[in-house]
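Structure file protein-v3.txt with compact mmCIF, C-alpha atoms:
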```txt
# COMPACT_ATOMS: atom_id res chain seq x y z
CA MET A 1 -30.54 1.62 31.81
CA ARG A 2 -27.11 0.74 30.47
CA ILE A 3 -27.64 -1.44 27.43
CA THR A 4 -25.09 -4.15 26.80
CA GLN A 5 -24.67 -6.42 23.83
CA GLY A 6 -22.14 -8.75 22.24
CA THR A 7 -18.54 -9.46 23.13
CA PHE A 8 -17.20 -7.69 26.25
CA SER A 9 -20.76 -6.83 27.31
CA TYR A 10 -19.71 -7.59 30.90
CA LEU A 11 -16.93 -4.99 30.79
CA PRO A 12 -17.08 -1.24 31.12
CA ASP A 13 -17.03 0.55 27.74
CA LEU A 14 -13.71 0.22 25.96
CA THR A 15 -11.56 3.29 25.40
CA ASP A 16 -10.50 4.17 21.87
CA GLU A 17 -7.07 2.76 22.55
CA GLN A 18 -8.58 -0.53 23.68
CA ILE A 19 -10.88 -0.58 20.67
CA GLY A 20 -7.83 -0.04 18.47
CA LYS A 21 -6.11 -3.04 20.04
CA GLN A 22 -9.14 -5.24 19.53
CA VAL A 23 -9.29 -4.15 15.90
CA GLU A 24 -5.60 -4.94 15.47
CA TYR A 25 -6.28 -8.40 16.87
CA ALA A 26 -9.20 -8.92 14.48
CA LEU A 27 -7.08 -7.80 11.53
CA GLU A 28 -4.30 -10.15 12.55
CA GLN A 29 -6.82 -12.98 12.43
CA GLY A 30 -7.77 -11.91 8.91
CA TRP A 31 -11.24 -10.77 9.84
CA ALA A 32 -12.95 -7.91 8.02
CA VAL A 33 -14.08 -5.13 10.32
CA SER A 34 -17.28 -3.16 9.81
CA LEU A 35 -19.28 -0.56 11.69
CA GLU A 36 -23.04 -0.46 12.22
CA TYR A 37 -25.30 2.00 14.02
CA THR A 38 -28.91 2.10 15.15
CA ASP A 39 -31.31 4.11 17.27
CA ASP A 40 -33.18 0.93 18.20
CA PRO A 41 -30.90 -1.31 20.24
CA HIS A 42 -33.68 -3.81 21.07
CA PRO A 43 -32.07 -7.26 21.44
CA ARG A 44 -34.39 -8.60 18.75
CA ASN A 45 -33.41 -5.88 16.27
CA VAL A 46 -30.67 -7.54 14.23
CA TYR A 47 -30.92 -5.05 11.36
CA TRP A 48 -28.56 -2.23 12.24
CA GLU A 49 -27.63 0.35 9.59
CA MET A 50 -24.26 -0.21 7.94
CA TRP A 51 -21.74 2.60 8.18
CA GLY A 52 -20.14 2.19 4.78
CA MET A 53 -18.94 -1.12 3.47
CA PRO A 54 -17.07 -3.70 5.55
CA MET A 55 -13.38 -2.80 5.44
CA PHE A 56 -11.43 -5.54 3.73
CA ASP A 57 -7.66 -5.86 3.34
CA LEU A 58 -6.80 -3.50 6.18
CA ARG A 59 -3.49 -3.83 7.96
CA SER A 60 -3.76 -1.19 10.65
CA ALA A 61 -6.54 -0.04 12.96
CA THR A 62 -6.02 3.63 12.15
CA GLY A 63 -8.49 3.57 9.27
CA VAL A 64 -11.17 1.91 11.37
CA LEU A 65 -10.77 4.42 14.19
CA GLU A 66 -11.00 7.24 11.67
CA GLU A 67 -14.32 5.80 10.38
CA LEU A 68 -15.53 5.38 13.94
CA ARG A 69 -14.81 9.02 14.69
CA GLU A 70 -16.77 10.05 11.62
CA CYS A 71 -19.67 7.77 12.46
CA ARG A 72 -19.82 9.16 15.99
CA LYS A 73 -19.84 12.68 14.61
CA ALA A 74 -22.68 11.87 12.20
CA HIS A 75 -24.78 9.83 14.68
CA PRO A 76 -24.01 10.99 18.21
CA GLY A 77 -27.46 9.88 19.38
CA CYS A 78 -27.14 6.30 18.11
CA TYR A 79 -25.61 3.07 19.30
CA ILE A 80 -22.60 2.01 17.26
CA LYS A 81 -21.14 -1.46 17.18
CA LEU A 82 -18.07 -2.88 15.59
CA ASN A 83 -18.21 -6.28 13.90
CA ALA A 84 -15.38 -8.54 12.83
CA PHE A 85 -16.35 -10.99 10.11
CA ASP A 86 -14.44 -14.21 9.51
CA SER A 87 -14.75 -15.43 5.95
CA THR A 88 -12.98 -18.76 6.61
CA ARG A 89 -15.00 -21.65 5.27
CA GLY A 90 -16.88 -23.25 8.14
CA PHE A 91 -17.16 -19.97 10.03
CA GLU A 92 -18.39 -17.42 7.52
CA THR A 93 -19.83 -15.37 10.34
CA MET A 94 -19.13 -12.65 12.87
CA ARG A 95 -16.42 -13.71 15.27
CA MET A 96 -16.49 -10.59 17.35
CA SER A 97 -19.04 -7.83 17.80
CA PHE A 98 -19.05 -5.16 20.46
CA MET A 99 -20.51 -1.74 21.18
CA VAL A 100 -18.19 1.19 20.65
CA HIS A 101 -20.54 4.10 21.24
CA ARG A 102 -23.73 4.77 23.17
CA PRO A 103 -25.85 7.94 23.21
CA PRO A 104 -25.74 10.32 26.20
CA VAL A 105 -29.30 9.37 27.06
CA GLU A 106 -29.80 5.63 26.77
CA ALA A 107 -32.86 3.97 25.31
CA ARG A 108 -35.33 2.75 27.97
CA TYR A 109 -37.21 -0.52 27.83
CA ARG A 110 -39.90 -2.00 29.98
CA LEU A 111 -41.32 -5.46 30.43
CA ARG A 112 -44.95 -5.83 29.35
CA ARG A 113 -47.18 -8.62 30.62
CA GLU A 114 -49.97 -9.87 28.37
CA GLU A 115 -52.83 -12.17 29.25
CA GLY A 116 -53.34 -14.92 26.64
CA PRO A 117 -55.93 -17.66 26.22
CA ALA A 118 -56.13 -20.29 29.00
CA ARG A 119 -54.44 -18.03 31.55
CA LEU A 120 -51.24 -18.05 29.46
CA VAL A 121 -49.02 -15.13 30.30
CA ARG A 122 -46.71 -13.60 27.66
CA TYR A 123 -43.87 -11.24 28.43
CA THR A 124 -42.32 -8.89 25.95
CA ILE A 125 -39.74 -6.11 26.10
CA GLU A 126 -40.89 -2.86 24.61
CA ARG A 127 -39.47 0.62 24.28
CA ALA A 128 -40.61 2.84 27.13
CA MET B 1 28.03 14.07 32.78
CA SER B 2 24.96 13.68 30.65
CA GLU B 3 23.49 10.43 29.49
CA SER B 4 24.78 9.10 26.17
CA ILE B 5 23.46 6.72 23.57
CA ASP B 6 25.28 4.45 21.17
CA LEU B 7 23.77 5.24 17.77
CA LYS B 8 25.54 2.35 16.08
CA ALA B 9 24.02 -0.07 18.57
CA LEU B 10 20.61 1.48 18.01
CA LEU B 11 21.01 1.02 14.26
CA ALA B 12 22.12 -2.59 14.67
CA GLU B 13 19.27 -3.30 17.05
CA SER B 14 16.65 -2.07 14.59
CA GLY B 15 18.00 -4.50 11.97
CA VAL B 16 17.81 -1.77 9.39
CA GLY B 17 21.49 -2.08 8.62
CA GLU B 18 20.83 -5.43 6.99
CA VAL B 19 18.17 -3.95 4.76
CA LEU B 20 20.47 -1.12 3.75
CA ASP B 21 23.33 -3.51 3.01
CA GLU B 22 20.94 -5.69 1.07
CA LEU B 23 19.91 -2.63 -0.89
CA ASP B 24 23.55 -1.88 -1.69
CA ARG B 25 24.23 -5.47 -2.62
CA GLU B 26 21.17 -6.30 -4.63
CA LEU B 27 20.54 -3.10 -6.47
CA VAL B 28 23.04 -2.09 -9.09
CA GLY B 29 23.94 1.59 -9.48
CA LEU B 30 21.36 4.10 -8.18
CA VAL B 31 23.97 5.86 -6.05
CA PRO B 32 21.97 9.05 -5.37
CA VAL B 33 18.97 6.96 -4.35
CA LYS B 34 20.96 4.82 -1.93
CA THR B 35 22.59 7.89 -0.42
CA ARG B 36 19.24 9.51 0.21
CA ILE B 37 17.79 6.36 1.75
CA ARG B 38 20.77 6.11 4.09
CA GLU B 39 20.24 9.72 5.06
CA ILE B 40 16.58 9.09 5.83
CA ALA B 41 17.47 6.00 7.86
CA SER B 42 20.10 7.96 9.79
CA LEU B 43 17.59 10.70 10.52
CA LEU B 44 15.13 8.18 11.92
CA VAL B 45 17.80 6.55 14.07
CA VAL B 46 18.88 9.91 15.44
CA ASP B 47 15.25 10.80 16.12
CA LYS B 48 14.84 7.54 17.97
CA ALA B 49 17.88 8.36 20.10
CA ARG B 50 16.44 11.78 20.85
CA ALA B 51 13.17 10.20 21.89
CA ALA B 52 15.07 7.77 24.11
CA LEU B 53 16.70 10.70 25.88
CA GLY B 54 13.35 12.32 26.35
CA VAL B 55 13.63 15.01 23.69
CA GLU B 56 10.30 14.79 21.92
CA GLY B 57 10.28 16.24 18.46
CA ALA B 58 7.65 16.14 15.76
CA LYS B 59 8.00 13.14 13.49
CA PRO B 60 9.54 14.13 10.20
CA SER B 61 7.36 14.09 7.12
CA LEU B 62 8.60 11.30 4.91
CA HIS B 63 6.31 11.53 1.93
CA MET B 64 8.43 10.99 -1.12
CA CYS B 65 8.45 11.41 -4.83
CA PHE B 66 10.40 9.00 -7.01
CA THR B 67 11.07 10.30 -10.48
CA GLY B 68 12.86 8.51 -13.22
CA ASN B 69 12.50 6.73 -16.50
CA PRO B 70 10.65 3.42 -16.66
CA GLY B 71 12.48 0.38 -15.39
CA THR B 72 14.88 2.26 -13.13
CA GLY B 73 13.75 0.42 -10.00
CA LYS B 74 11.24 2.80 -8.45
CA THR B 75 8.83 0.09 -7.30
CA THR B 76 11.62 -2.14 -6.05
CA VAL B 77 13.07 0.65 -3.95
CA ALA B 78 9.62 1.59 -2.66
CA MET B 79 9.20 -1.97 -1.44
CA ARG B 80 12.53 -1.79 0.44
CA MET B 81 11.56 1.61 1.76
CA ALA B 82 8.49 0.10 3.40
CA THR B 83 10.66 -2.46 5.19
CA ILE B 84 13.18 0.16 6.29
CA LEU B 85 10.50 2.49 7.65
CA HIS B 86 8.92 -0.41 9.48
CA ARG B 87 12.17 -1.54 11.10
CA LEU B 88 12.82 2.00 12.25
CA GLY B 89 9.37 2.21 13.70
CA HIS B 90 8.15 5.02 11.49
CA VAL B 91 5.22 2.97 10.18
CA ARG B 92 3.63 0.20 12.19
CA LYS B 93 3.11 -2.57 9.64
CA GLY B 94 5.49 -1.98 6.78
CA HIS B 95 3.42 -3.24 3.89
CA LEU B 96 3.28 -1.63 0.48
CA VAL B 97 0.06 -0.82 -1.31
CA ALA B 98 0.75 -0.02 -4.95
CA VAL B 99 -1.99 1.81 -6.80
CA THR B 100 -2.55 3.80 -9.98
CA ARG B 101 -5.18 6.34 -10.97
CA ASP B 102 -7.80 3.65 -11.56
CA ASP B 103 -7.68 2.54 -7.92
CA LEU B 104 -8.22 6.04 -6.58
CA VAL B 105 -10.52 7.81 -8.99
CA GLY B 106 -14.11 6.75 -9.52
CA GLN B 107 -16.24 6.89 -12.62
CA TYR B 108 -19.19 8.84 -11.30
CA ILE B 109 -19.86 11.76 -9.00
CA GLY B 110 -19.47 10.69 -5.38
CA HIS B 111 -17.60 7.55 -6.33
CA THR B 112 -14.10 8.92 -5.91
CA ALA B 113 -14.05 9.83 -2.23
CA PRO B 114 -15.05 6.37 -0.91
CA LYS B 115 -12.65 4.71 -3.32
CA THR B 116 -9.71 6.88 -2.32
CA LYS B 117 -10.55 6.57 1.36
CA ASP B 118 -10.73 2.81 1.02
CA VAL B 119 -7.27 2.66 -0.51
CA LEU B 120 -5.92 4.98 2.16
CA LYS B 121 -7.39 2.81 4.89
CA ARG B 122 -5.73 -0.25 3.40
CA ALA B 123 -2.39 1.56 3.25
CA MET B 124 -2.54 2.80 6.88
CA GLY B 125 0.44 1.58 8.82
CA GLY B 126 2.45 1.12 5.66
CA VAL B 127 3.47 2.77 2.43
CA LEU B 128 1.10 3.92 -0.30
CA PHE B 129 2.84 3.83 -3.65
CA ILE B 130 1.08 5.81 -6.36
CA ASP B 131 2.54 4.88 -9.71
CA GLU B 132 2.29 7.39 -12.55
CA ALA B 133 0.75 9.86 -10.14
CA TYR B 134 0.52 12.64 -12.73
CA TYR B 135 -2.48 10.87 -14.28
CA LEU B 136 -4.43 11.95 -11.20
CA TYR B 137 -4.52 15.47 -12.51
CA ARG B 138 -6.02 16.08 -15.92
CA PRO B 139 -6.00 19.79 -16.63
CA GLU B 140 -7.83 19.36 -19.94
CA ASN B 141 -10.99 18.26 -18.11
CA GLU B 142 -11.97 20.58 -15.31
CA ARG B 143 -14.65 18.24 -14.05
CA ASP B 144 -12.23 15.36 -13.75
CA TYR B 145 -12.58 13.51 -10.46
CA GLY B 146 -8.81 13.22 -10.05
CA GLN B 147 -8.74 16.57 -8.29
CA GLU B 148 -11.05 15.17 -5.61
CA ALA B 149 -8.69 12.25 -5.00
CA ILE B 150 -5.76 14.66 -4.72
CA GLU B 151 -7.59 16.73 -2.12
CA ILE B 152 -8.39 13.70 0.03
CA LEU B 153 -4.80 12.52 -0.28
CA MET B 154 -3.48 15.89 0.84
CA GLN B 155 -5.79 15.93 3.82
CA VAL B 156 -4.70 12.50 5.01
CA MET B 157 -1.02 13.14 4.32
CA GLU B 158 -1.27 16.11 6.62
CA ASN B 159 -3.31 14.51 9.42
CA GLN B 160 -1.89 11.03 9.72
CA ARG B 161 1.69 11.92 9.26
CA GLU B 162 2.87 9.26 11.64
CA ASP B 163 1.03 6.31 10.22
CA LEU B 164 1.22 6.56 6.48
CA VAL B 165 3.95 7.37 4.01
CA VAL B 166 2.89 8.26 0.50
CA ILE B 167 5.32 7.75 -2.36
CA PHE B 168 4.51 9.28 -5.73
CA ALA B 169 6.27 7.90 -8.76
CA GLY B 170 6.50 8.84 -12.40
CA TYR B 171 8.54 10.35 -15.18
CA LYS B 172 10.53 13.38 -14.16
CA SER B 173 9.12 15.97 -16.55
CA ARG B 174 5.49 15.00 -16.06
CA MET B 175 5.83 14.82 -12.28
CA ASP B 176 7.29 18.32 -12.31
CA THR B 177 4.26 19.65 -14.18
CA PHE B 178 2.02 17.69 -11.81
CA PHE B 179 3.52 19.32 -8.74
CA GLN B 180 3.50 22.73 -10.40
CA SER B 181 -0.23 22.49 -10.99
CA ASN B 182 -0.79 21.15 -7.44
CA PRO B 183 1.49 23.30 -5.31
CA GLY B 184 -0.19 22.13 -2.11
CA LEU B 185 0.80 18.58 -2.86
CA GLY B 186 4.34 19.48 -3.91
CA SER B 187 4.99 21.28 -0.65
CA ARG B 188 3.83 18.28 1.37
CA VAL B 189 6.33 15.99 -0.31
CA ALA B 190 9.63 16.48 1.43
CA HIS B 191 11.86 14.13 -0.49
CA HIS B 192 12.22 14.25 -4.22
CA ILE B 193 14.46 11.42 -5.35
CA ASP B 194 15.58 11.13 -8.93
CA PHE B 195 16.39 7.70 -10.34
CA PRO B 196 19.14 7.96 -12.96
CA ASP B 197 19.19 5.80 -16.07
CA TYR B 198 21.46 2.77 -15.90
CA SER B 199 24.70 2.73 -17.85
CA VAL B 200 25.39 -0.20 -20.19
CA GLU B 201 27.83 -1.69 -17.67
CA GLU B 202 25.24 -1.51 -14.92
CA LEU B 203 22.64 -3.11 -17.15
CA GLN B 204 25.07 -5.91 -17.98
CA GLN B 205 25.59 -6.45 -14.29
CA ILE B 206 21.83 -6.56 -13.78
CA ALA B 207 21.53 -9.02 -16.65
CA GLY B 208 24.05 -11.28 -14.95
CA ARG B 209 21.86 -11.33 -11.82
CA MET B 210 18.70 -11.88 -13.81
CA VAL B 211 20.00 -14.92 -15.68
CA THR B 212 21.44 -16.37 -12.48
CA GLY B 213 17.99 -15.97 -10.97
CA LEU B 214 16.59 -17.91 -13.91
CA GLY B 215 19.15 -20.69 -13.45
CA LEU B 216 20.95 -19.75 -16.64
CA ARG B 217 24.24 -18.12 -17.55
CA LEU B 218 25.56 -15.98 -20.37
CA SER B 219 28.50 -17.24 -22.39
CA GLY B 220 31.39 -14.79 -22.82
CA GLY B 221 30.24 -13.99 -26.34
CA ALA B 222 26.67 -13.50 -25.18
CA HIS B 223 27.82 -11.05 -22.52
CA GLU B 224 29.53 -8.98 -25.20
CA ALA B 225 26.57 -9.30 -27.54
CA LEU B 226 24.31 -8.08 -24.79
CA GLY B 227 26.53 -5.02 -24.35
CA ASP B 228 26.25 -4.25 -28.05
CA TYR B 229 22.52 -4.89 -27.92
CA LEU B 230 22.03 -2.50 -25.01
CA ARG B 231 24.12 0.22 -26.65
CA LEU B 232 21.88 0.03 -29.73
CA ARG B 233 18.64 -0.40 -27.83
CA ARG B 234 19.28 2.63 -25.61
CA GLU B 235 19.26 4.88 -28.65
CA GLN B 236 15.86 3.61 -29.73
CA PRO B 237 12.55 4.97 -28.44
CA ASN B 238 10.68 3.32 -25.55
CA PHE B 239 13.77 2.06 -23.82
CA ALA B 240 12.69 1.01 -20.33
CA ASN B 241 16.03 0.20 -18.70
CA ALA B 242 15.87 -2.98 -16.61
CA ARG B 243 12.41 -3.84 -17.92
CA SER B 244 13.59 -3.76 -21.55
CA LEU B 245 16.53 -5.83 -20.48
CA ARG B 246 14.26 -8.42 -18.92
CA ASN B 247 12.17 -8.58 -22.07
CA ALA B 248 15.28 -8.94 -24.20
CA LEU B 249 16.48 -11.80 -22.02
CA ASP B 250 13.07 -13.45 -22.22
CA ARG B 251 13.23 -13.32 -26.01
CA ALA B 252 16.78 -14.66 -25.94
CA ARG B 253 15.50 -17.57 -23.85
CA LEU B 254 12.88 -18.28 -26.49
CA ARG B 255 15.53 -18.35 -29.20
CA GLN B 256 17.75 -20.53 -27.05
CA ALA B 257 14.89 -22.96 -26.54
CA ARG B 258 14.26 -23.16 -30.26
CA ARG B 259 17.95 -23.62 -30.98
CA LEU B 260 18.21 -26.42 -28.43
CA LEU B 261 15.18 -28.20 -29.83
CA GLU B 262 16.66 -28.04 -33.31
CA ALA B 263 19.95 -29.39 -31.97
CA GLY B 264 18.16 -32.49 -30.75
CA ARG B 265 20.52 -33.85 -28.09
CA VAL B 266 21.69 -31.49 -25.35
CA ASP B 267 23.68 -31.63 -22.12
CA ALA B 268 23.19 -29.68 -18.91
CA ASP B 269 25.73 -27.09 -19.90
CA MET B 270 23.94 -26.34 -23.16
CA LEU B 271 20.62 -26.12 -21.38
CA MET B 272 22.00 -23.49 -19.06
CA THR B 273 23.93 -21.33 -21.49
CA ILE B 274 22.64 -18.46 -23.56
CA GLU B 275 24.95 -18.03 -26.56
CA ALA B 276 25.86 -14.87 -28.44
CA GLY B 277 23.72 -16.00 -31.37
CA ASP B 278 20.58 -16.02 -29.21
CA ILE B 279 21.08 -12.32 -28.56
CA ARG B 280 22.49 -11.28 -31.92
CA ALA B 281 19.38 -12.63 -33.65
CA SER B 282 17.44 -9.73 -32.14
CA ARG B 283 15.58 -7.32 -34.38
CA VAL B 284 17.55 -4.47 -32.82
CA PHE B 285 20.70 -5.58 -34.63
CA GLY B 286 18.78 -5.91 -37.88
CA ALA B 287 17.54 -2.35 -37.58
CA ALA B 288 21.05 -1.09 -36.97
CA ARG B 289 22.41 -2.90 -40.00
CA ASP B 290 19.71 -1.61 -42.27
CA PRO B 291 18.49 1.86 -41.38
CA ALA B 292 16.57 2.12 -44.64
CA GLU B 293 14.39 -0.77 -43.60
CA GLU B 294 13.67 0.87 -40.27
CA ALA B 295 12.62 4.06 -41.99
CA ALA B 296 10.31 2.09 -44.24
CA CYS B 297 8.29 0.59 -41.40
```
Serialized structure, structure tokens:
Amino acid sequence: MRITQGTFSYLPDLTDEQIGKQVEYALEQGWAVSLEYTDDPHPRNVYWEMWGMPMFDLRSATGVLEELRECRKAHPGCYIKLNAFDSTRGFETMRMSFMVHRPPVEARYRLRREEGPARLVRYTIERA
Amino acid sequence: MSESIDLKALLAESGVGEVLDELDRELVGLVPVKTRIREIASLLVVDKARAALGVEGAKPSLHMCFTGNPGTGKTTVAMRMATILHRLGHVRKGHLVAVTRDDLVGQYIGHTAPKTKDVLKRAMGGVLFIDEAYYLYRPENERDYGQEAIEILMQVMENQREDLVVIFAGYKSRMDTFFQSNPGLGSRVAHHIDFPDYSVEELQQIAGRMVTGLGLRLSGGAHEALGDYLRLRREQPNFANARSLRNALDRARLRQARRLLEAGRVDADMLMTIEAGDIRASRVFGAARDPAEEAAC
């Protein structure tokens, strides 16, 4: 199953050139870009591992792409996403976040049905 | 007949001519430096023309080394260089990141590489200016982390030739030893530019621009006094060209302020003028008058 998350989740995966352009846009807005990776892309897993520190004060996307290449080399079997953090007061949050790498074999999930008290039915997504 | 390209038009279109003219206008002296910068600009324009005609060549390596005594304008020129390279499309952003050893080298094992890489990432698309670069290499301590920073720098200078220009700066003699002990680095720096010391006349010219910038002016006597001051000061140790001049002018302003306050009533003209006395009160003249006293302290 192709897992999608975040901004551009409705689009096919971006090429490196397109990623570079998105990063340039984020940097123009004054956002700090960071990379995160995980082997557990469950939608409820918000704790992805950080790949180094967020990159502040960048002017060009070259450095980010270089880090991305290194992260891909180190974790080819993981999902990698790129976040752009806006520190403007009032936002102070991610303004953009999209996947930049997925493993050759994607993680599989299935829907589990659970019978609760009083015929209540609970659904949960779990790793297959 | 083959296709032709108007180089002059290409130069005008890039807007780099203005920066070069500005450089000529605003910076006093430094003839060898200006010549070299014009050469580099011409090379980039010609390369652009070649590219336009479909002749693809490798981008030239433009890593530079600025050597010269303190206060000869190395940082100022580096700043202009960033703009020129940007206008000619050699770097994509044209900002200048100025760093020294402290920004590159860490304090503990494993601290240096991330620090250096971070600085390099910030400089991508612009110019990285490493002031007093010879401090990176400390031969007396073989476990010094500076070597690690140098290695990372070399690697990036080689790989990302098109997106980053590194400028090393420092005193001539110490930079020479630095490159001798790091031959790999020396061979990756294509342009060694030497900044000559300013002559007294050039410094006086610079002084004129500095005081104008401060909204002041030098009286005729003060101009002469400044010439005498510079001739004496140049012979003394720790003379830092334009920087010493700026400091001297700052002290002259202090004396002028005190003089004006003592005078009580002033007019606009007095407020704006630095007199010969403000400069002649300097310690430098005292030392020259009384060499015995200088020897004593």
Polymer residues at most 9 Å from range 57-73 of chain A, only C-alpha atoms, same-chain spacing of 4 or more positions, as a count of residues only: 39
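Distance-wise, CA of Lys115 in chain B and CA of Ile150 in chain B end up 12.2 Å apart.
Here CA of Ala133 in chain B is placed at a distance of 21.5 Å from CA of Leu30 in chain B.
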So which one's closest to chain B, A:Ser97, A:Pro76, A:Pro12, A:Phe56? Using only C-alpha atoms, please.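 Closest candidate: A:Phe56.
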Counting all atoms listed in the file, which of A:Pro54, A:Pro104, A:Gly6, A:Pro43 gets nearest to chain B?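 Ranked by minimum distance to chain B, first place goes to A:Pro54.
Proximity of B:Gly184, B:Glu262, B:Thr100, B:Asn159 to chain A, computed with all atoms listed in the file, is greatest for B:Asn159.
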Surrounding residues of Ile279 in chain B excluding itself and chain neighbours under 2 positions, 7 Å, only C-alpha atoms, as JSON, numbers by chain: {"B": [222, 225, 226, 252, 276, 277, 281, 282]}
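Taking CA of Gln205 in chain B and CA of His223 in chain B as the two end points, the separation is 9.7 Å.
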Distance criterion (only C-alpha atoms): nearest to chain B out of A:Ala107, A:Leu11, A:Leu120, A:Met55: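 Counting only C-alpha atoms, the residue closest to chain B is A:Met55.
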Selection near Pro196 in chain B, 7 Å with all atoms listed in the file, sequence-local residues under 2 positions removed, as a PDB file with C-alpha atoms, in the coordinates of the input:
```pdb
ATOM      1  CA  LEU B  30      21.360   4.100  -8.180  1.00  0.00           C
ATOM      2  CA  GLY B  68      12.860   8.510 -13.220  1.00  0.00           C
ATOM      3  CA  ASP B 194      15.580  11.130  -8.930  1.00  0.00           C
ATOM      4  CA  TYR B 198      21.460   2.770 -15.900  1.00  0.00           C
TER       5      TYR B 198
END
```
Please, can range 53-64 of chain A be completed to N, CA, C and O atoms and returned as a CSV table (one decimal), in the coordinates of the input?
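In the end it all went to result.csv:
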```
chain,number,residue,atom,x,y,z
A,53,MET,N,-19.1,0.3,3.7
A,53,MET,CA,-18.9,-1.1,3.5
A,53,MET,C,-18.0,-1.7,4.5
A,53,MET,O,-17.3,-1.0,5.2
A,54,PRO,N,-18.1,-3.1,4.7
A,54,PRO,CA,-17.1,-3.7,5.6
A,54,PRO,C,-15.7,-3.4,5.0
A,54,PRO,O,-15.5,-3.3,3.8
A,55,MET,N,-14.7,-3.2,5.9
A,55,MET,CA,-13.4,-2.8,5.4
A,55,MET,C,-12.5,-4.0,5.3
A,55,MET,O,-12.0,-4.6,6.2
A,56,PHE,N,-12.3,-4.4,4.0
A,56,PHE,CA,-11.4,-5.5,3.7
A,56,PHE,C,-10.0,-5.1,3.5
A,56,PHE,O,-9.7,-4.0,3.2
A,57,ASP,N,-9.1,-6.1,3.7
A,57,ASP,CA,-7.7,-5.9,3.3
A,57,ASP,C,-7.0,-4.8,4.2
A,57,ASP,O,-6.0,-4.2,3.7
A,58,LEU,N,-7.5,-4.5,5.3
A,58,LEU,CA,-6.8,-3.5,6.2
A,58,LEU,C,-5.6,-4.1,6.9
A,58,LEU,O,-5.6,-5.3,7.2
A,59,ARG,N,-4.6,-3.3,7.2
A,59,ARG,CA,-3.5,-3.8,8.0
A,59,ARG,C,-3.4,-3.1,9.3
A,59,ARG,O,-2.7,-3.7,10.2
A,60,SER,N,-3.9,-2.0,9.4
A,60,SER,CA,-3.8,-1.2,10.6
A,60,SER,C,-5.1,-0.6,11.1
A,60,SER,O,-6.0,-0.4,10.3
A,61,ALA,N,-5.3,-0.5,12.4
A,61,ALA,CA,-6.5,0.0,13.0
A,61,ALA,C,-6.8,1.4,12.7
A,61,ALA,O,-8.0,1.9,12.9
A,62,THR,N,-5.8,2.2,12.3
A,62,THR,CA,-6.0,3.6,12.2
A,62,THR,C,-7.2,4.0,11.3
A,62,THR,O,-8.0,4.9,11.6
A,63,GLY,N,-7.4,3.3,10.2
A,63,GLY,CA,-8.5,3.6,9.3
A,63,GLY,C,-9.8,3.3,9.9
A,63,GLY,O,-10.8,4.1,9.7
A,64,VAL,N,-9.9,2.2,10.7
A,64,VAL,CA,-11.2,1.9,11.4
A,64,VAL,C,-11.5,3.0,12.4
A,64,VAL,O,-12.7,3.4,12.5
```
